[in-house]
>>> print(open('query.txt').read())   # compact mmCIF, C-alpha atoms and all ligand atoms
# COMPACT_ATOMS: atom_id res chain seq x y z
CA MET A 1 22.26 -13.47 8.58
CA LYS A 2 25.73 -14.84 7.83
CA LYS A 3 25.97 -17.59 5.23
CA ILE A 4 26.22 -20.95 6.97
CA ASP A 5 28.05 -23.96 5.57
CA TRP A 6 25.40 -26.47 6.68
CA ASN A 7 27.41 -29.52 5.72
CA SER A 8 30.33 -28.74 7.97
CA LEU A 9 28.48 -27.85 11.19
CA GLY A 10 29.83 -29.37 14.37
CA PHE A 11 28.29 -29.22 17.84
CA ALA A 12 29.13 -25.61 18.58
CA TYR A 13 27.24 -22.49 19.64
CA MET A 14 26.28 -19.91 17.05
CA ASP A 15 24.23 -16.73 17.64
CA THR A 16 20.78 -16.77 16.05
CA ASN A 17 17.99 -14.18 15.72
CA CYS A 18 16.83 -14.44 19.30
CA HIS A 19 16.08 -16.57 22.35
CA ILE A 20 12.87 -16.63 24.37
CA ARG A 21 12.87 -15.57 28.02
CA TYR A 22 10.39 -15.78 30.91
CA VAL A 23 10.65 -14.60 34.50
CA TRP A 24 8.89 -16.14 37.52
CA LYS A 25 8.09 -13.71 40.32
CA ASN A 26 5.43 -13.73 43.05
CA GLY A 27 4.30 -17.18 42.02
CA GLN A 28 3.74 -16.37 38.34
CA TRP A 29 5.51 -16.78 35.03
CA SER A 30 5.67 -13.82 32.64
CA ALA A 31 4.29 -14.19 29.11
CA GLY A 32 7.70 -14.79 27.57
CA GLU A 33 9.46 -12.50 25.14
CA LEU A 34 11.77 -12.99 22.22
CA VAL A 35 15.06 -11.28 23.01
CA ALA A 36 17.58 -10.49 20.26
CA SER A 37 20.67 -9.97 22.41
CA PRO A 38 22.45 -13.11 23.61
CA GLN A 39 23.72 -11.11 26.60
CA MET A 40 21.73 -10.66 29.80
CA SER A 41 22.18 -8.79 33.02
CA ILE A 42 22.05 -10.90 36.18
CA HIS A 43 22.07 -10.08 39.90
CA ILE A 44 25.48 -10.68 41.50
CA ALA A 45 23.80 -12.68 44.31
CA ALA A 46 21.68 -14.87 42.00
CA THR A 47 21.44 -18.40 43.46
CA ALA A 48 22.38 -19.93 40.11
CA LEU A 49 25.82 -18.32 40.32
CA HIS A 50 26.59 -19.13 43.96
CA TYR A 51 24.74 -22.30 44.75
CA GLY A 52 24.25 -23.90 41.36
CA GLN A 53 20.48 -23.55 41.36
CA SER A 54 20.40 -24.15 37.62
CA ALA A 55 19.21 -26.86 35.26
CA PHE A 56 18.96 -27.37 31.53
CA GLU A 57 17.44 -29.56 28.88
CA GLY A 58 18.43 -30.52 25.36
CA LEU A 59 16.21 -31.45 22.42
CA LYS A 60 16.24 -30.97 18.68
CA ALA A 61 14.16 -29.52 15.88
CA PHE A 62 14.41 -31.09 12.42
CA ARG A 63 13.66 -29.81 8.92
CA ARG A 64 11.77 -32.75 7.47
CA LYS A 65 11.57 -34.16 3.99
CA ASP A 66 8.15 -32.50 3.53
CA GLY A 67 9.65 -29.09 4.40
CA LYS A 68 7.96 -28.84 7.79
CA VAL A 69 9.90 -28.33 11.01
CA SER A 70 9.21 -30.47 14.04
CA LEU A 71 10.48 -30.87 17.58
CA PHE A 72 11.19 -34.39 18.81
CA ARG A 73 9.22 -35.42 21.93
CA PRO A 74 9.35 -32.01 23.67
CA GLU A 75 6.84 -33.02 26.38
CA GLU A 76 9.34 -35.58 27.67
CA ASN A 77 11.97 -32.88 28.17
CA ALA A 78 9.34 -30.69 29.85
CA LYS A 79 8.54 -33.46 32.34
CA ARG A 80 12.20 -34.09 33.05
CA LEU A 81 12.85 -30.39 33.66
CA ALA A 82 9.92 -30.32 36.07
CA MET A 83 11.47 -33.26 37.94
CA THR A 84 14.82 -31.42 38.10
CA ALA A 85 13.08 -28.23 39.25
CA ARG A 86 11.42 -30.10 42.14
CA ARG A 87 14.73 -31.63 43.24
CA THR A 88 16.45 -28.22 43.25
CA CYS A 89 13.53 -26.20 44.71
CA MET A 90 13.05 -24.11 41.58
CA ALA A 91 9.77 -22.84 40.14
CA GLU A 92 8.33 -25.47 37.81
CA VAL A 93 7.78 -24.69 34.15
CA PRO A 94 4.38 -26.10 33.14
CA VAL A 95 4.59 -28.62 30.27
CA ASP A 96 2.44 -26.48 27.94
CA MET A 97 4.54 -23.39 28.56
CA PHE A 98 7.73 -25.37 27.92
CA VAL A 99 6.49 -26.77 24.61
CA ASP A 100 5.09 -23.41 23.53
CA ALA A 101 8.41 -21.70 24.37
CA CYS A 102 10.30 -24.22 22.22
CA LYS A 103 7.87 -23.77 19.31
CA ARG A 104 7.98 -19.97 19.50
CA VAL A 105 11.75 -19.74 19.57
CA VAL A 106 12.18 -22.24 16.73
CA ARG A 107 9.58 -20.37 14.63
CA ALA A 108 11.49 -17.13 15.23
CA ASN A 109 14.69 -18.79 14.01
CA LEU A 110 13.52 -20.93 11.08
CA ASP A 111 16.40 -19.62 8.92
CA TYR A 112 18.76 -21.37 11.28
CA VAL A 113 17.17 -24.83 11.02
CA PRO A 114 19.58 -26.78 8.80
CA PRO A 115 17.99 -27.73 5.45
CA TYR A 116 16.75 -31.27 4.91
CA GLY A 117 19.49 -33.49 3.54
CA THR A 118 22.43 -31.78 5.24
CA GLY A 119 22.31 -34.08 8.27
CA GLY A 120 22.09 -31.09 10.61
CA SER A 121 19.44 -30.11 13.11
CA MET A 122 18.57 -27.25 15.41
CA TYR A 123 19.66 -27.89 18.98
CA VAL A 124 17.14 -26.45 21.43
CA ARG A 125 18.50 -25.66 24.87
CA PRO A 126 15.99 -24.76 27.61
CA LEU A 127 17.62 -23.32 30.74
CA LEU A 128 16.04 -22.70 34.15
CA PHE A 129 17.88 -20.94 36.96
CA GLY A 130 17.51 -19.00 40.18
CA SER A 131 17.94 -15.35 39.20
CA GLY A 132 16.79 -13.95 42.55
CA ALA A 133 19.36 -12.83 45.14
CA GLN A 134 20.13 -14.82 48.33
CA ILE A 135 23.24 -14.89 50.44
CA GLY A 136 22.25 -17.64 52.86
CA VAL A 137 21.83 -21.02 51.22
CA ALA A 138 18.19 -20.83 50.24
CA ALA A 139 16.01 -21.09 47.16
CA ALA A 140 15.65 -17.92 45.08
CA ASP A 141 12.46 -15.90 44.99
CA GLU A 142 12.86 -15.28 41.26
CA TYR A 143 13.55 -17.69 38.39
CA THR A 144 14.47 -17.20 34.77
CA PHE A 145 13.51 -19.72 32.10
CA LEU A 146 14.96 -19.23 28.66
CA VAL A 147 15.27 -21.31 25.52
CA LEU A 148 18.11 -20.72 23.12
CA VAL A 149 18.62 -22.45 19.78
CA THR A 150 21.64 -23.08 17.63
CA PRO A 151 22.17 -25.11 14.44
CA VAL A 152 24.31 -28.21 14.98
CA GLY A 153 25.93 -31.13 13.21
CA PRO A 154 27.42 -34.25 14.80
CA TYR A 155 28.66 -34.11 18.44
CA TYR A 156 31.64 -36.31 17.62
CA LYS A 157 33.34 -35.89 14.26
CA GLY A 158 32.20 -38.39 11.64
CA GLY A 159 28.62 -39.07 12.76
CA LEU A 160 28.15 -42.83 12.86
CA GLN A 161 31.90 -43.44 13.29
CA ALA A 162 32.97 -45.37 16.38
CA VAL A 163 34.60 -43.62 19.33
CA LYS A 164 36.76 -45.06 22.12
CA ALA A 165 35.73 -44.71 25.77
CA ILE A 166 37.61 -44.89 29.06
CA VAL A 167 36.63 -45.65 32.66
CA LEU A 168 38.47 -43.39 35.12
CA ASP A 169 38.14 -45.20 38.45
CA GLN A 170 39.40 -42.18 40.38
CA TYR A 171 36.22 -40.21 39.58
CA ASP A 172 32.51 -40.69 40.19
CA ARG A 173 29.74 -38.84 38.44
CA ALA A 174 26.83 -39.27 40.82
CA ALA A 175 26.24 -40.69 44.28
CA PRO A 176 23.61 -43.44 44.70
CA LEU A 177 21.16 -41.05 46.37
CA GLY A 178 22.53 -37.91 44.76
CA THR A 179 21.46 -35.95 41.68
CA GLY A 180 22.56 -38.12 38.76
CA HIS A 181 18.94 -38.73 37.73
CA VAL A 182 18.22 -35.04 37.18
CA LYS A 183 19.79 -32.56 34.80
CA VAL A 184 21.36 -30.06 37.18
CA ALA A 185 24.14 -27.81 35.90
CA GLY A 186 26.59 -29.00 38.58
CA ASN A 187 26.60 -32.55 37.19
CA TYR A 188 28.36 -31.13 34.14
CA ALA A 189 30.76 -28.80 35.96
CA VAL A 190 32.22 -31.77 37.81
CA SER A 191 32.58 -33.78 34.60
CA LEU A 192 34.88 -31.23 32.96
CA TYR A 193 38.05 -32.27 34.77
CA PRO A 194 37.70 -36.05 34.19
CA HIS A 195 36.87 -35.21 30.58
CA LEU A 196 40.20 -33.39 30.20
CA GLU A 197 42.00 -36.43 31.58
CA ALA A 198 40.16 -38.75 29.23
CA LYS A 199 40.98 -36.55 26.27
CA ALA A 200 44.65 -36.34 27.24
CA ALA A 201 44.71 -40.16 27.27
CA GLY A 202 43.24 -40.18 23.75
CA TYR A 203 39.60 -40.95 24.63
CA PRO A 204 36.77 -38.63 23.60
CA VAL A 205 34.26 -40.25 25.99
CA GLU A 206 34.25 -41.26 29.68
CA LEU A 207 32.15 -44.09 31.02
CA TYR A 208 31.13 -43.89 34.68
CA LEU A 209 30.57 -46.83 37.01
CA ASP A 210 28.36 -46.81 40.10
CA ALA A 211 29.93 -44.80 42.92
CA LYS A 212 29.37 -47.38 45.66
CA GLU A 213 31.06 -50.47 44.23
CA HIS A 214 32.60 -49.45 40.90
CA LYS A 215 31.09 -52.65 39.62
CA TRP A 216 28.05 -51.59 37.61
CA ILE A 217 27.92 -49.57 34.41
CA GLU A 218 26.13 -46.26 34.82
CA GLU A 219 26.44 -43.96 31.81
CA PHE A 220 28.71 -41.74 29.77
CA ALA A 221 29.20 -38.07 30.74
CA THR A 222 26.66 -36.81 28.20
CA SER A 223 24.74 -39.93 27.20
CA ASN A 224 23.32 -43.30 28.28
CA PHE A 225 25.00 -46.68 27.71
CA LEU A 226 23.43 -49.38 25.56
CA GLY A 227 24.75 -52.72 24.41
CA ILE A 228 23.56 -55.26 21.86
CA THR A 229 24.29 -58.79 23.05
CA LYS A 230 25.73 -61.42 20.72
CA ASP A 231 22.28 -63.03 20.63
CA GLY A 232 20.67 -59.76 19.58
CA LYS A 233 19.17 -58.25 22.75
CA TYR A 234 19.12 -54.54 23.55
CA VAL A 235 20.53 -54.08 27.07
CA THR A 236 20.70 -50.79 28.93
CA ALA A 237 21.61 -49.89 32.51
CA LYS A 238 19.08 -49.69 35.31
CA SER A 239 20.24 -47.26 37.99
CA GLY A 240 18.72 -44.54 40.14
CA SER A 241 21.69 -42.27 39.51
CA ILE A 242 21.69 -41.93 35.72
CA LEU A 243 19.74 -39.48 33.60
CA PRO A 244 16.56 -41.01 32.13
CA SER A 245 17.45 -40.48 28.47
CA ILE A 246 14.60 -39.77 26.08
CA THR A 247 16.70 -41.07 23.19
CA ASN A 248 17.20 -44.33 25.08
CA LEU A 249 13.43 -44.70 25.62
CA THR A 250 12.89 -43.98 21.93
CA LEU A 251 15.47 -46.56 20.84
CA GLN A 252 13.98 -49.14 23.20
CA GLN A 253 10.61 -48.64 21.54
CA ILE A 254 12.15 -48.88 18.07
CA ALA A 255 13.96 -52.07 19.15
CA ARG A 256 10.68 -53.62 20.34
CA ASP A 257 8.95 -52.53 17.13
CA ASN A 258 11.64 -54.47 15.26
CA GLY A 259 11.35 -57.62 17.37
CA ILE A 260 14.53 -56.93 19.37
CA PRO A 261 14.10 -57.92 23.05
CA VAL A 262 14.89 -55.10 25.50
CA GLU A 263 16.44 -55.58 28.94
CA VAL A 264 16.76 -52.69 31.38
CA ARG A 265 18.85 -54.11 34.22
CA PRO A 266 22.07 -53.68 36.18
CA ILE A 267 25.06 -54.35 33.88
CA ALA A 268 28.29 -55.46 35.53
CA PHE A 269 31.39 -53.91 33.95
CA GLU A 270 32.79 -57.40 33.18
CA GLU A 271 29.90 -57.90 30.80
CA VAL A 272 31.26 -55.40 28.27
CA THR A 273 33.04 -58.11 26.32
CA GLU A 274 29.75 -59.99 25.95
CA PHE A 275 28.35 -57.28 23.69
CA ALA A 276 28.58 -57.40 19.91
CA GLU A 277 27.88 -53.67 19.76
CA VAL A 278 27.96 -50.85 22.29
CA ALA A 279 26.77 -47.27 21.91
CA ALA A 280 26.34 -43.97 23.66
CA CYS A 281 22.86 -42.54 23.09
CA GLY A 282 21.42 -39.09 23.69
CA THR A 283 20.04 -36.04 21.94
CA ALA A 284 23.44 -34.57 21.14
CA VAL A 285 25.29 -37.83 20.35
CA VAL A 286 22.23 -39.59 18.78
CA VAL A 287 23.64 -43.15 18.56
CA THR A 288 27.42 -43.11 18.70
CA PRO A 289 29.07 -46.55 18.44
CA VAL A 290 31.79 -47.33 20.99
CA SER A 291 34.47 -49.64 19.59
CA GLU A 292 36.50 -50.18 22.76
CA ILE A 293 36.57 -49.30 26.44
CA GLU A 294 39.77 -48.93 28.42
CA ARG A 295 39.89 -49.51 32.15
CA ALA A 296 43.07 -49.54 34.26
CA GLY A 297 45.29 -50.14 31.24
CA THR A 298 43.23 -53.01 29.77
CA VAL A 299 41.38 -52.43 26.51
CA TYR A 300 38.09 -54.26 26.03
CA LYS A 301 36.77 -54.59 22.47
CA THR A 302 33.10 -53.65 22.38
CA GLY A 303 32.31 -53.44 18.69
CA PRO A 304 33.69 -52.97 15.16
CA ALA A 305 36.87 -50.85 15.16
CA THR A 306 35.39 -48.42 12.64
CA GLY A 307 31.89 -47.62 11.49
CA CYS A 308 28.96 -49.28 13.15
CA GLY A 309 27.45 -52.73 13.72
CA PRO A 310 24.20 -53.75 11.99
CA VAL A 311 21.78 -53.40 14.92
CA LEU A 312 22.97 -49.94 15.92
CA GLU A 313 22.87 -48.88 12.30
CA LYS A 314 19.24 -50.01 12.06
CA LEU A 315 18.32 -48.14 15.26
CA TYR A 316 20.16 -45.01 14.14
CA LYS A 317 18.61 -45.01 10.67
CA THR A 318 15.14 -45.58 12.08
CA VAL A 319 15.26 -42.80 14.67
CA GLN A 320 16.78 -40.35 12.19
CA GLY A 321 14.32 -41.48 9.51
CA ILE A 322 11.41 -40.65 11.82
CA GLN A 323 12.94 -37.32 12.86
CA TYR A 324 13.54 -36.21 9.26
CA GLY A 325 10.09 -37.39 8.18
CA GLU A 326 11.37 -40.16 5.93
CA LEU A 327 9.68 -42.94 7.91
CA PRO A 328 6.17 -43.02 9.39
CA ASP A 329 5.98 -41.46 12.86
CA THR A 330 3.76 -44.22 14.25
CA HIS A 331 4.23 -43.18 17.90
CA GLY A 332 3.43 -39.48 17.33
CA TRP A 333 6.86 -38.30 18.46
CA ASN A 334 7.23 -35.33 16.06
CA VAL A 335 5.58 -32.08 17.15
CA GLU A 336 5.25 -29.52 14.36
CA VAL A 337 6.25 -25.97 15.21
CA GLU A 338 4.01 -24.17 12.71
N1 LIG B 1 22.88 -38.79 30.13
C1 LIG B 1 23.39 -37.58 30.36
C2 LIG B 1 24.30 -37.39 31.51
C3 LIG B 1 23.04 -36.51 29.51
O1 LIG B 1 23.55 -35.30 29.70
C4 LIG B 1 22.18 -36.74 28.42
C5 LIG B 1 21.78 -35.65 27.55
O2 LIG B 1 20.86 -34.95 27.81
C6 LIG B 1 21.68 -38.03 28.24
C7 LIG B 1 22.05 -39.03 29.11
C8 LIG B 1 20.75 -38.32 27.11
O3 LIG B 1 19.46 -37.87 27.35
P1 LIG B 1 18.49 -37.52 26.15
O4 LIG B 1 18.42 -38.72 25.30
O5 LIG B 1 17.20 -37.21 26.80
O6 LIG B 1 19.09 -36.36 25.45
C1 LIG B 2 22.03 -33.41 25.18
O1 LIG B 2 22.26 -34.45 24.59
O2 LIG B 2 21.08 -32.67 24.88
C2 LIG B 2 22.85 -32.99 26.30
O3 LIG B 2 22.36 -32.26 27.09
C3 LIG B 2 24.22 -33.47 26.36
C4 LIG B 2 25.29 -32.41 26.40
C5 LIG B 2 25.37 -31.53 25.21
C6 LIG B 2 25.30 -31.67 27.70
>>> encode(input="query.txt", output="structure tokens", more="lines below")
Ligand code: PLP
Ligand code: COI
Amino acid sequence: MKKIDWNSLGFAYMDTNCHIRYVWKNGQWSAGELVASPQMSIHIAATALHYGQSAFEGLKAFRRKDGKVSLFRPEENAKRLAMTARRTCMAEVPVDMFVDACKRVVRANLDYVPPYGTGGSMYVRPLLFGSGAQIGVAAADEYTFLVLVTPVGPYYKGGLQAVKAIVLDQYDRAAPLGTGHVKVAGNYAVSLYPHLEAKAAGYPVELYLDAKEHKWIEEFATSNFLGITKDGKYVTAKSGSILPSITNLTLQQIARDNGIPVEVRPIAFEEVTEFAEVAACGTAVVVTPVSEIERAGTVYKTGPATGCGPVLEKLYKTVQGIQYGELPDTHGWNVEVE
């Protein structure tokens, strides 16, 4: 194993010891094997390649203060993958198999879980795709489920440093009755081009509005939207075309535990200036404060220019404190791998 500089990890892929791989054929999943090579051979007519029959998940494993390693809420990711599998006619991965796969692959790669105190974590990436051949548009008769892991640091440089977001009205992410609520690979392919435009304009993050009216806030390309109102409420978007974020659910619970009222409701874009603090939340981005949002040449201030406001800081420190085993896990969110 190469020496890793744990303190300077970004959100990038690194080879590890192995991934775990299962194949579904004739109505049954294989037992799952640890595979050392990160390369695999795939049929040229696999439905994943032609028709995008592919979905993924993202969760993290943490090295805790007590030295143990735990996964954060893996059953929630399992349930979401099952929902995505149903929507894309793929074989479902049972919740127990999903959680076991994550535990086995993390256990086989413990050397790659960043040490406690470095601020890093192990990103766990389950992937499900049609590996069977079809040439007509039809569901595959074979599926591959694999889980790869890679050590990561912050998604955006600087951790709890604010980023600037932009609304690009010439692009939509998801149609009202489309697939925004599930984690299909194609949702991300179509976000790459708008992301390049946002970056060229100096914005690391894009915020999407609803496709029908361009009036309501939906979510960022890789995370949910949340705002803290000037009178201290936690507000997050209600929409049938955004991904149900597990981090968002977690933060809502932490907010309630701390006496912060939570509102899940449609948020009109004009409301952005009403917030004292705004953040992107998700597994990869954790809680990333958003200091301003540009739309059509106008810049709306949505929080402190640098750093982080007090409510977001409290939420961030609490979720990370639970994940790293520094605070009591009163909701039973941590699942030990050993
Ligand atoms: N929204 C989108 C589009 C995402 O890709 C993600 C990341 O998975 C999220 C939200 C956040 O979801 P979670 O908190 O479950 O990681
Ligand atoms: C995650 O937060 O796990 C995601 O899936 C977002 C992104 C890396 C695709």
>>> closest_residue(input="query.txt", among="A:Ala140, A:Cys308, A:Ala31, A:Val152", to="Asp100 in chain A", atoms="all atoms listed in the file")
A:Ala31
>>> atom_distance(input="query.txt", atom1="atom C3 of ligand LIG 2 (chain B)", atom2="CA of Phe11 in chain A")
10.4 Å
>>> closest_residue(input="query.txt", among="A:Gln39, A:Thr330, A:Ser223, A:Thr288", to="ligand LIG 1 (chain B)", atoms="all atoms listed in the file")
A:Ser223
>>> residues_near_point(input="query.txt", point="(27.9, -22.8, 18.8)", cutoff="12 Å", atoms="only C-alpha atoms", output="PyMOL selection string")
chain A and resi 9-16+112+122-125+148-153+155
>>> write_last_selection(input="query.txt", atoms="C-alpha atoms", output="PDB file, in the frame of the given file")
ATOM      1  CA  LEU A   9      28.480 -27.850  11.190  1.00  0.00           C
ATOM      2  CA  GLY A  10      29.830 -29.370  14.370  1.00  0.00           C
ATOM      3  CA  PHE A  11      28.290 -29.220  17.840  1.00  0.00           C
ATOM      4  CA  ALA A  12      29.130 -25.610  18.580  1.00  0.00           C
ATOM      5  CA  TYR A  13      27.240 -22.490  19.640  1.00  0.00           C
ATOM      6  CA  MET A  14      26.280 -19.910  17.050  1.00  0.00           C
ATOM      7  CA  ASP A  15      24.230 -16.730  17.640  1.00  0.00           C
ATOM      8  CA  THR A  16      20.780 -16.770  16.050  1.00  0.00           C
ATOM      9  CA  TYR A 112      18.760 -21.370  11.280  1.00  0.00           C
ATOM     10  CA  MET A 122      18.570 -27.250  15.410  1.00  0.00           C
ATOM     11  CA  TYR A 123      19.660 -27.890  18.980  1.00  0.00           C
ATOM     12  CA  VAL A 124      17.140 -26.450  21.430  1.00  0.00           C
ATOM     13  CA  ARG A 125      18.500 -25.660  24.870  1.00  0.00           C
ATOM     14  CA  LEU A 148      18.110 -20.720  23.120  1.00  0.00           C
ATOM     15  CA  VAL A 149      18.620 -22.450  19.780  1.00  0.00           C
ATOM     16  CA  THR A 150      21.640 -23.080  17.630  1.00  0.00           C
ATOM     17  CA  PRO A 151      22.170 -25.110  14.440  1.00  0.00           C
ATOM     18  CA  VAL A 152      24.310 -28.210  14.980  1.00  0.00           C
ATOM     19  CA  GLY A 153      25.930 -31.130  13.210  1.00  0.00           C
ATOM     20  CA  TYR A 155      28.660 -34.110  18.440  1.00  0.00           C
TER      21      TYR A 155
END
>>> axis_aligned_box(input="query.txt", around="ligand LIG 2 (chain B)", padding_each_side="6 Å", output="JSON")
{"center_x": 23.2, "center_y": -33.0, "center_z": 26.1, "size_x": 16.3, "size_y": 14.9, "size_z": 15.1}
>>> closest_residue(input="query.txt", among="A:Gly58, A:Gly27, A:Pro94, A:Gly158", to="ligand LIG 2 (chain B)", atoms="all atoms listed in the file")
A:Gly58
>>> residues_near_ligand(input="query.txt", ligand="ligand LIG 2 (chain B)", cutoff="7 Å", atoms="all atoms listed in the file", output="PyMOL selection string")
chain A and resi 57-59+222-223+282-285
>>> write_last_selection(input="query.txt", atoms="C-alpha atoms", output="PDB file, in the coordinates of the input")
ATOM      1  CA  GLU A  57      17.440 -29.560  28.880  1.00  0.00           C
ATOM      2  CA  GLY A  58      18.430 -30.520  25.360  1.00  0.00           C
ATOM      3  CA  LEU A  59      16.210 -31.450  22.420  1.00  0.00           C
ATOM      4  CA  THR A 222      26.660 -36.810  28.200  1.00  0.00           C
ATOM      5  CA  SER A 223      24.740 -39.930  27.200  1.00  0.00           C
ATOM      6  CA  GLY A 282      21.420 -39.090  23.690  1.00  0.00           C
ATOM      7  CA  THR A 283      20.040 -36.040  21.940  1.00  0.00           C
ATOM      8  CA  ALA A 284      23.440 -34.570  21.140  1.00  0.00           C
ATOM      9  CA  VAL A 285      25.290 -37.830  20.350  1.00  0.00           C
TER      10      VAL A 285
END
>>> atom_distance(input="query.txt", atom1="CA of Asp96 in chain A", atom2="CA of Gly130 in chain A")
20.8 Å
>>> closest_residue(input="query.txt", among="A:Glu218, A:Asp141, A:Asp210, A:Glu336", to="ligand LIG 1 (chain B)", atoms="all atoms listed in the file")
A:Glu218
>>> closest_residue(input="query.txt", among="A:Thr229, A:Asn187, A:Ser291, A:Ser239", to="Leu209 in chain A", atoms="all atoms listed in the file")
A:Ser239
>>> residues_near_ligand(input="query.txt", ligand="ligand LIG 1 (chain B)", cutoff="10 Å", atoms="all atoms listed in the file", output="PDB file with C-alpha atoms, in the coordinates of the input")
ATOM      1  CA  PHE A  56      18.960 -27.370  31.530  1.00  0.00           C
ATOM      2  CA  GLU A  57      17.440 -29.560  28.880  1.00  0.00           C
ATOM      3  CA  GLY A  58      18.430 -30.520  25.360  1.00  0.00           C
ATOM      4  CA  LEU A  59      16.210 -31.450  22.420  1.00  0.00           C
ATOM      5  CA  LYS A  60      16.240 -30.970  18.680  1.00  0.00           C
ATOM      6  CA  ARG A  73       9.220 -35.420  21.930  1.00  0.00           C
ATOM      7  CA  PRO A  74       9.350 -32.010  23.670  1.00  0.00           C
ATOM      8  CA  GLU A  76       9.340 -35.580  27.670  1.00  0.00           C
ATOM      9  CA  ASN A  77      11.970 -32.880  28.170  1.00  0.00           C
ATOM     10  CA  ARG A  80      12.200 -34.090  33.050  1.00  0.00           C
ATOM     11  CA  ARG A 173      29.740 -38.840  38.440  1.00  0.00           C
ATOM     12  CA  ALA A 174      26.830 -39.270  40.820  1.00  0.00           C
ATOM     13  CA  GLY A 180      22.560 -38.120  38.760  1.00  0.00           C
ATOM     14  CA  HIS A 181      18.940 -38.730  37.730  1.00  0.00           C
ATOM     15  CA  VAL A 182      18.220 -35.040  37.180  1.00  0.00           C
ATOM     16  CA  LYS A 183      19.790 -32.560  34.800  1.00  0.00           C
ATOM     17  CA  VAL A 184      21.360 -30.060  37.180  1.00  0.00           C
ATOM     18  CA  ALA A 185      24.140 -27.810  35.900  1.00  0.00           C
ATOM     19  CA  ASN A 187      26.600 -32.550  37.190  1.00  0.00           C
ATOM     20  CA  TYR A 188      28.360 -31.130  34.140  1.00  0.00           C
ATOM     21  CA  SER A 191      32.580 -33.780  34.600  1.00  0.00           C
ATOM     22  CA  TYR A 208      31.130 -43.890  34.680  1.00  0.00           C
ATOM     23  CA  GLU A 218      26.130 -46.260  34.820  1.00  0.00           C
ATOM     24  CA  GLU A 219      26.440 -43.960  31.810  1.00  0.00           C
ATOM     25  CA  PHE A 220      28.710 -41.740  29.770  1.00  0.00           C
ATOM     26  CA  ALA A 221      29.200 -38.070  30.740  1.00  0.00           C
ATOM     27  CA  THR A 222      26.660 -36.810  28.200  1.00  0.00           C
ATOM     28  CA  SER A 223      24.740 -39.930  27.200  1.00  0.00           C
ATOM     29  CA  ASN A 224      23.320 -43.300  28.280  1.00  0.00           C
ATOM     30  CA  PHE A 225      25.000 -46.680  27.710  1.00  0.00           C
ATOM     31  CA  SER A 241      21.690 -42.270  39.510  1.00  0.00           C
ATOM     32  CA  ILE A 242      21.690 -41.930  35.720  1.00  0.00           C
ATOM     33  CA  LEU A 243      19.740 -39.480  33.600  1.00  0.00           C
ATOM     34  CA  PRO A 244      16.560 -41.010  32.130  1.00  0.00           C
ATOM     35  CA  SER A 245      17.450 -40.480  28.470  1.00  0.00           C
ATOM     36  CA  ILE A 246      14.600 -39.770  26.080  1.00  0.00           C
ATOM     37  CA  THR A 247      16.700 -41.070  23.190  1.00  0.00           C
ATOM     38  CA  ASN A 248      17.200 -44.330  25.080  1.00  0.00           C
ATOM     39  CA  LEU A 249      13.430 -44.700  25.620  1.00  0.00           C
ATOM     40  CA  THR A 250      12.890 -43.980  21.930  1.00  0.00           C
ATOM     41  CA  LEU A 251      15.470 -46.560  20.840  1.00  0.00           C
ATOM     42  CA  ALA A 280      26.340 -43.970  23.660  1.00  0.00           C
ATOM     43  CA  CYS A 281      22.860 -42.540  23.090  1.00  0.00           C
ATOM     44  CA  GLY A 282      21.420 -39.090  23.690  1.00  0.00           C
ATOM     45  CA  THR A 283      20.040 -36.040  21.940  1.00  0.00           C
ATOM     46  CA  ALA A 284      23.440 -34.570  21.140  1.00  0.00           C
ATOM     47  CA  VAL A 285      25.290 -37.830  20.350  1.00  0.00           C
ATOM     48  CA  VAL A 286      22.230 -39.590  18.780  1.00  0.00           C
ATOM     49  CA  VAL A 287      23.640 -43.150  18.560  1.00  0.00           C
TER      50      VAL A 287
END
>>> residues_around(input="query.txt", residues="range 267-274 of chain A", least_positions_apart="6", cutoff="9 Å", atoms="all atoms listed in the file", output="count of residues only")
19
>>> decode(input="query.txt", residues="range 165-170 of chain A", atoms="N, CA, C and O atoms", output="mmCIF file, in the first residue's frame")
data_model
loop_
_atom_site.group_PDB
_atom_site.id
_atom_site.type_symbol
_atom_site.label_atom_id
_atom_site.label_comp_id
_atom_site.auth_asym_id
_atom_site.auth_seq_id
_atom_site.Cartn_x
_atom_site.Cartn_y
_atom_site.Cartn_z
ATOM 1 N N ALA A 165 -23.112 29.782 -5.603
ATOM 2 C CA ALA A 165 -23.917 28.952 -6.511
ATOM 3 C C ALA A 165 -24.536 29.811 -7.608
ATOM 4 O O ALA A 165 -24.667 31.034 -7.468
ATOM 5 N N ILE A 166 -24.934 29.156 -8.689
ATOM 6 C CA ILE A 166 -25.573 29.871 -9.802
ATOM 7 C C ILE A 166 -26.791 29.087 -10.299
ATOM 8 O O ILE A 166 -26.780 27.853 -10.297
ATOM 9 N N VAL A 167 -27.827 29.813 -10.685
ATOM 10 C CA VAL A 167 -28.983 29.207 -11.352
ATOM 11 C C VAL A 167 -28.780 29.431 -12.848
ATOM 12 O O VAL A 167 -28.569 30.567 -13.283
ATOM 13 N N LEU A 168 -28.819 28.354 -13.631
ATOM 14 C CA LEU A 168 -28.701 28.472 -15.086
ATOM 15 C C LEU A 168 -30.087 28.178 -15.658
ATOM 16 O O LEU A 168 -30.481 27.016 -15.778
ATOM 17 N N ASP A 169 -30.828 29.237 -15.987
ATOM 18 C CA ASP A 169 -32.235 29.039 -16.392
ATOM 19 C C ASP A 169 -32.390 28.311 -17.717
ATOM 20 O O ASP A 169 -33.489 27.890 -18.057
ATOM 21 N N GLN A 170 -31.301 28.159 -18.456
ATOM 22 C CA GLN A 170 -31.404 27.455 -19.745
ATOM 23 C C GLN A 170 -31.315 25.936 -19.595
ATOM 24 O O GLN A 170 -31.375 25.220 -20.592
#
